[in-house]
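Undergrad: File work-v7.json follows (JSON, C-alpha atoms):
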[["chain", "number", "residue", "atom", "x", "y", "z"],
["A", 1, "MET", "CA", 290.27, 322.80, -3.97],
["A", 2, "GLN", "CA", 289.84, 322.72, -0.19],
["A", 3, "VAL", "CA", 286.26, 322.81, 1.14],
["A", 4, "GLY", "CA", 286.68, 323.45, 4.84],
["A", 5, "LYS", "CA", 289.19, 322.16, 7.33],
["A", 6, "TYR", "CA", 288.98, 318.45, 6.44],
["A", 7, "PHE", "CA", 287.69, 318.02, 2.90],
["A", 8, "THR", "CA", 288.33, 318.89, -0.73],
["A", 9, "ILE", "CA", 285.73, 319.23, -3.44],
["A", 10, "LYS", "CA", 287.03, 315.91, -4.77],
["A", 11, "ASP", "CA", 286.15, 314.21, -1.45],
["A", 12, "PHE", "CA", 282.53, 315.35, -1.76],
["A", 13, "CYS", "CA", 282.26, 314.49, -5.46],
["A", 14, "THR", "CA", 283.92, 311.06, -5.61],
["A", 15, "CYS", "CA", 282.86, 309.25, -2.43],
["A", 16, "THR", "CA", 279.71, 307.48, -3.66],
["A", 17, "ASN", "CA", 279.73, 303.82, -4.65],
["A", 18, "THR", "CA", 277.97, 304.64, -7.92],
["A", 19, "TYR", "CA", 280.67, 307.12, -8.90],
["A", 20, "GLN", "CA", 283.35, 304.57, -8.00],
["A", 21, "LYS", "CA", 281.64, 302.03, -10.26],
["A", 22, "TYR", "CA", 281.21, 304.35, -13.28],
["A", 23, "THR", "CA", 284.14, 306.74, -12.84],
["A", 24, "LYS", "CA", 284.94, 306.99, -16.55],
["A", 25, "GLU", "CA", 281.34, 307.80, -17.54],
["A", 26, "ILE", "CA", 280.44, 310.38, -14.89],
["A", 27, "ASN", "CA", 281.37, 314.04, -14.57],
["A", 28, "CYS", "CA", 280.99, 314.24, -10.81],
["A", 29, "TYR", "CA", 281.76, 317.95, -10.34],
["A", 30, "PRO", "CA", 279.31, 320.86, -9.98],
["A", 31, "THR", "CA", 278.49, 323.11, -12.90],
["A", 32, "ASN", "CA", 277.24, 325.94, -10.66],
["A", 33, "LEU", "CA", 280.64, 325.91, -9.01],
["A", 34, "LYS", "CA", 280.68, 329.12, -6.98],
["A", 35, "LEU", "CA", 277.33, 328.62, -5.20],
["A", 36, "THR", "CA", 277.72, 324.86, -4.76],
["A", 37, "ILE", "CA", 281.23, 325.23, -3.30],
["A", 38, "SER", "CA", 279.92, 327.87, -0.92],
["A", 39, "ALA", "CA", 277.12, 325.52, 0.22],
["A", 40, "LEU", "CA", 279.57, 322.65, 0.75],
["A", 41, "GLN", "CA", 281.87, 324.97, 2.72],
["A", 42, "ALA", "CA", 278.97, 325.93, 5.01],
["A", 43, "LEU", "CA", 278.01, 322.25, 5.46],
["A", 44, "SER", "CA", 281.61, 321.51, 6.39],
["A", 45, "GLN", "CA", 282.04, 324.44, 8.74],
["A", 46, "PHE", "CA", 278.77, 324.29, 10.66],
["A", 47, "ILE", "CA", 278.00, 320.57, 10.63],
["A", 48, "LEU", "CA", 280.87, 318.25, 9.69],
["A", 49, "GLU", "CA", 283.80, 319.99, 11.39],
["A", 50, "PRO", "CA", 282.17, 319.97, 14.85],
["A", 51, "ILE", "CA", 281.32, 316.28, 14.40],
["A", 52, "ILE", "CA", 284.86, 315.43, 13.30],
["A", 53, "ASP", "CA", 286.39, 317.56, 16.05],
["A", 54, "CYS", "CA", 284.45, 315.48, 18.58],
["A", 55, "PHE", "CA", 284.73, 311.96, 17.10],
["A", 56, "GLY", "CA", 287.98, 312.22, 15.11],
["A", 57, "LYS", "CA", 288.86, 312.48, 11.43],
["A", 58, "ASP", "CA", 290.19, 308.92, 11.38],
["A", 59, "LYS", "CA", 286.74, 307.59, 12.38],
["A", 60, "PHE", "CA", 284.71, 309.80, 10.01],
["A", 61, "GLN", "CA", 283.66, 308.29, 6.67],
["A", 62, "LEU", "CA", 281.89, 310.33, 4.01],
["A", 63, "THR", "CA", 279.66, 307.84, 2.16],
["A", 64, "TYR", "CA", 277.68, 310.15, -0.14],
["A", 65, "GLY", "CA", 278.39, 313.79, -0.84],
["A", 66, "PHE", "CA", 277.60, 316.03, -3.77],
["A", 67, "CYS", "CA", 275.45, 314.64, -6.58],
["A", 68, "SER", "CA", 276.10, 316.02, -10.06],
["A", 69, "SER", "CA", 273.46, 315.78, -12.77],
["A", 70, "ASP", "CA", 275.57, 313.00, -14.40],
["A", 71, "LEU", "CA", 275.67, 311.03, -11.15],
["A", 72, "ARG", "CA", 271.92, 311.50, -10.72],
["A", 73, "LYS", "CA", 271.32, 309.83, -14.09],
["A", 74, "TYR", "CA", 273.43, 306.82, -13.07],
["A", 75, "LEU", "CA", 271.71, 306.52, -9.69],
["A", 76, "ASP", "CA", 268.40, 306.14, -11.53],
["A", 77, "LYS", "CA", 269.76, 303.32, -13.75],
["A", 78, "LYS", "CA", 269.87, 299.63, -12.90],
["A", 79, "ASP", "CA", 273.15, 297.76, -12.66],
["A", 80, "PRO", "CA", 273.39, 295.59, -15.81],
["A", 81, "LEU", "CA", 274.73, 292.61, -13.83],
["A", 82, "THR", "CA", 272.42, 292.61, -10.81],
["A", 83, "GLY", "CA", 269.34, 294.39, -12.15],
["A", 84, "ILE", "CA", 269.30, 296.46, -8.95],
["A", 85, "LYS", "CA", 269.02, 300.23, -9.12],
["A", 86, "ASN", "CA", 272.42, 301.91, -8.55],
["A", 87, "GLY", "CA", 271.10, 304.18, -5.83],
["A", 88, "ARG", "CA", 268.43, 306.60, -4.94],
["A", 89, "ILE", "CA", 268.09, 310.31, -4.75],
["A", 90, "ASP", "CA", 265.27, 312.72, -4.24],
["A", 91, "PRO", "CA", 266.68, 315.87, -5.87],
["A", 92, "ALA", "CA", 263.66, 317.99, -4.97],
["A", 93, "ARG", "CA", 264.21, 317.39, -1.24],
["A", 94, "ASP", "CA", 267.52, 315.91, -0.18],
["A", 95, "GLN", "CA", 269.92, 318.81, -1.01],
["A", 96, "HIS", "CA", 272.67, 316.51, -2.37],
["A", 97, "MET", "CA", 272.62, 318.51, -5.62],
["A", 98, "ALA", "CA", 273.21, 321.78, -3.72],
["A", 99, "TYR", "CA", 272.85, 324.75, -6.09],
["A", 100, "GLU", "CA", 272.83, 322.81, -9.34],
["A", 101, "VAL", "CA", 270.41, 324.09, -11.96],
["A", 102, "LYS", "CA", 268.16, 322.16, -14.35],
["A", 103, "LYS", "CA", 267.93, 322.96, -18.06],
["A", 104, "ASN", "CA", 264.83, 325.07, -17.36],
["A", 105, "GLY", "CA", 266.91, 327.35, -15.09],
["A", 106, "LYS", "CA", 265.37, 326.18, -11.80],
["A", 107, "TYR", "CA", 267.29, 324.59, -8.97],
["A", 108, "TYR", "CA", 266.96, 320.83, -8.57],
["A", 109, "CYS", "CA", 266.19, 321.46, -4.90],
["A", 110, "GLU", "CA", 264.44, 324.74, -4.16],
["A", 111, "ARG", "CA", 265.38, 324.38, -0.47],
["A", 112, "LEU", "CA", 269.01, 325.04, -1.42],
["A", 113, "GLY", "CA", 271.96, 324.20, 0.82],
["A", 114, "ALA", "CA", 274.05, 321.02, 0.70],
["A", 115, "ALA", "CA", 273.86, 317.51, 2.13],
["A", 116, "CYS", "CA", 275.99, 314.45, 2.72],
["A", 117, "ASP", "CA", 275.74, 311.01, 4.25],
["A", 118, "PHE", "CA", 278.38, 309.84, 6.68],
["A", 119, "LEU", "CA", 279.15, 307.39, 9.42],
["A", 120, "ILE", "CA", 281.48, 307.27, 12.37],
["A", 121, "ILE", "CA", 283.40, 303.99, 12.46],
["A", 122, "ASP", "CA", 282.72, 301.93, 15.60],
["A", 123, "GLU", "CA", 279.89, 304.24, 16.72],
["A", 124, "LYS", "CA", 276.16, 303.64, 16.43],
["A", 125, "SER", "CA", 274.42, 306.24, 14.29],
["A", 126, "ASP", "CA", 271.69, 306.83, 16.88],
["A", 127, "ARG", "CA", 274.40, 307.95, 19.32],
["A", 128, "ILE", "CA", 275.74, 310.39, 16.71],
["A", 129, "VAL", "CA", 272.27, 311.82, 16.03],
["A", 130, "GLU", "CA", 271.77, 312.33, 19.75],
["A", 131, "TRP", "CA", 275.14, 314.13, 19.97],
["A", 132, "ILE", "CA", 274.19, 316.38, 17.01],
["A", 133, "LEU", "CA", 270.91, 317.31, 18.69],
["A", 134, "ARG", "CA", 272.46, 317.97, 22.10],
["A", 135, "SER", "CA", 275.19, 320.06, 20.45],
["A", 136, "HIS", "CA", 272.51, 322.24, 18.80],
["A", 137, "LEU", "CA", 274.09, 322.03, 15.35],
["A", 138, "PRO", "CA", 272.08, 324.16, 12.88],
["A", 139, "PHE", "CA", 271.15, 321.37, 10.46],
["A", 140, "ASP", "CA", 268.29, 321.48, 8.00],
["A", 141, "SER", "CA", 267.39, 317.77, 7.90],
["A", 142, "ILE", "CA", 268.60, 314.47, 9.33],
["A", 143, "TYR", "CA", 267.52, 311.16, 7.82],
["A", 144, "PHE", "CA", 268.12, 308.27, 10.20],
["A", 145, "TYR", "CA", 268.26, 304.94, 8.37],
["A", 146, "GLY", "CA", 269.26, 302.77, 11.33],
["A", 147, "ALA", "CA", 271.88, 302.45, 14.06],
["A", 148, "ASP", "CA", 274.33, 300.64, 11.76],
["A", 149, "ARG", "CA", 273.79, 302.78, 8.65],
["A", 150, "PRO", "CA", 275.08, 306.18, 7.53],
["A", 151, "ILE", "CA", 273.31, 309.37, 8.59],
["A", 152, "HIS", "CA", 272.05, 311.89, 6.04],
["A", 153, "ILE", "CA", 272.45, 315.49, 7.16],
["A", 154, "SER", "CA", 271.94, 318.78, 5.36],
["A", 155, "TYR", "CA", 272.72, 322.41, 5.99],
["A", 156, "GLY", "CA", 270.81, 325.18, 4.28],
["A", 157, "LEU", "CA", 269.11, 328.49, 4.70],
["A", 158, "GLN", "CA", 266.17, 327.15, 6.67],
["A", 159, "HIS", "CA", 267.89, 325.46, 9.67],
["A", 160, "LYS", "CA", 264.65, 323.48, 10.13],
["A", 161, "ARG", "CA", 266.21, 320.82, 12.40],
["A", 162, "ASP", "CA", 263.82, 318.32, 10.81],
["A", 163, "ILE", "CA", 264.34, 314.62, 11.58],
["A", 164, "TRP", "CA", 263.00, 311.60, 9.71],
["A", 165, "THR", "CA", 263.41, 307.86, 9.98],
["A", 166, "PHE", "CA", 262.10, 305.27, 7.54],
["A", 167, "THR", "CA", 259.96, 302.14, 7.61],
["A", 168, "ALA", "CA", 261.30, 298.84, 6.27],
["A", 169, "LYS", "CA", 259.70, 299.74, 2.91],
["A", 170, "GLY", "CA", 261.45, 303.15, 2.85],
["A", 171, "THR", "CA", 258.46, 305.30, 3.78],
["A", 172, "PRO", "CA", 259.41, 308.42, 5.79],
["A", 173, "THR", "CA", 258.04, 308.41, 9.33],
["A", 174, "ARG", "CA", 258.57, 310.02, 12.70],
["A", 175, "LYS", "CA", 257.47, 306.97, 14.69],
["A", 176, "GLY", "CA", 260.01, 305.97, 17.27],
["A", 177, "ILE", "CA", 262.00, 309.21, 17.22],
["A", 178, "GLU", "CA", 259.64, 311.41, 19.23],
["A", 179, "SER", "CA", 262.34, 312.12, 21.86],
["A", 180, "TRP", "CA", 264.70, 313.32, 19.12],
["A", 181, "ILE", "CA", 262.01, 315.54, 17.64],
["A", 182, "GLU", "CA", 261.56, 317.11, 21.05],
["A", 183, "LEU", "CA", 265.35, 317.63, 21.39],
["A", 184, "ALA", "CA", 265.49, 319.21, 17.92],
["A", 185, "LYS", "CA", 263.23, 322.02, 19.06],
["A", 186, "TYR", "CA", 266.19, 323.38, 21.08]]
Can you dump the structure from the file as structure tokens?

TA:
Amino acid sequence: MQVGKYFTIKDFCTCTNTYQKYTKEINCYPTNLKLTISALQALSQFILEPIIDCFGKDKFQLTYGFCSSDLRKYLDKKDPLTGIKNGRIDPARDQHMAYEVKKNGKYYCERLGAACDFLIIDEKSDRIVEWILRSHLPFDSIYFYGADRPIHISYGLQHKRDIWTFTAKGTPTRKGIESWIELAKY
């Protein structure tokens, strides 16, 4: 199923390293299909397509897309060989689970919307963030992990244009990105 001009639902659901490692054990697709697909389509249309149209599809790499409840369980586990956690996710905030619903009937992320992580090959991520801000894309959140790392971006109902970076220990901060925060205000 196509999700926008450049991606299929499979692209969003199978791009993570953890899924690649445990393919046979993980159902990577959404259960709340209609709403989650709609959120991924909006993320594609309003955020990813303008980025790709500027920098090129051949340079765009989706590194983390949709997170199913099965994938979430595997991200929380440690790799049996290395003892290192498979990944990390903050379902209550990061919007990777889109409109997926817990057993109690509540959304994993009450903010709703959808998120992905991506990079542009041969481009520094800080340059991409700056382009996003100057292009006035209606994002919800950007997480900047470093110039040589993927960018997390989300699109949802709030259009907060919130930007975070992280300390070496992984603590969210806004230190060092004050000029971006000012640009994000429009």

Undergrad: If you measure from CA of Thr18 in chain A to CA of Leu71 in chain A, what distance in Å do you get, rounded to one decimal?

TA: 7.5 Å

Undergrad: Of the candidates A:Tyr99, A:Tyr6, A:Tyr145, A:Tyr74, which shows the shortest atom-to-atom distance to Pro30 in chain A, using all atoms listed in the file?

TA: A:Tyr99

Undergrad: What lies within 10 Å of Tyr29 in chain A using only C-alpha atoms, ignoring chain neighbours under 4 positions off, as a list in words?

TA: Ile9, Lys10, Phe12, Cys13, Thr14, Leu33, Thr36, Phe66, Cys67, Ser68, Ser69, Asp70 and Leu71 of chain A

Undergrad: Restricting the calculation to all atoms listed in the file: of A:Ile26, A:Lys21, A:Tyr108, A:Gln45, which residue gets closest to Gly4 in chain A?

TA: A:Gln45

Undergrad: Can you tell me, as a PyMOL selection string, what residues are no more than 9 Å from Trp164 in chain A when counting only C-alpha atoms, ignoring any on the same chain fewer than 2 positions away?

TA: chain A and resi 141-145+162+166+172-175+177+181

Undergrad: Using only C-alpha atoms, which residue out of A:Asn32, A:Ser125, A:Thr63, A:Asn17 lies closest to Ala98 in chain A?

TA: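 With only C-alpha atoms as the atom set, the closest residue is A:Asn32.
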
Undergrad: Taking (271.2, 309.8, -9.2) in the file's coordinates as the center, which residues reach within 7 Å of it, counting only C-alpha atoms, put as a PyMOL selection string?

TA: chain A and resi 67+71-76+87-89
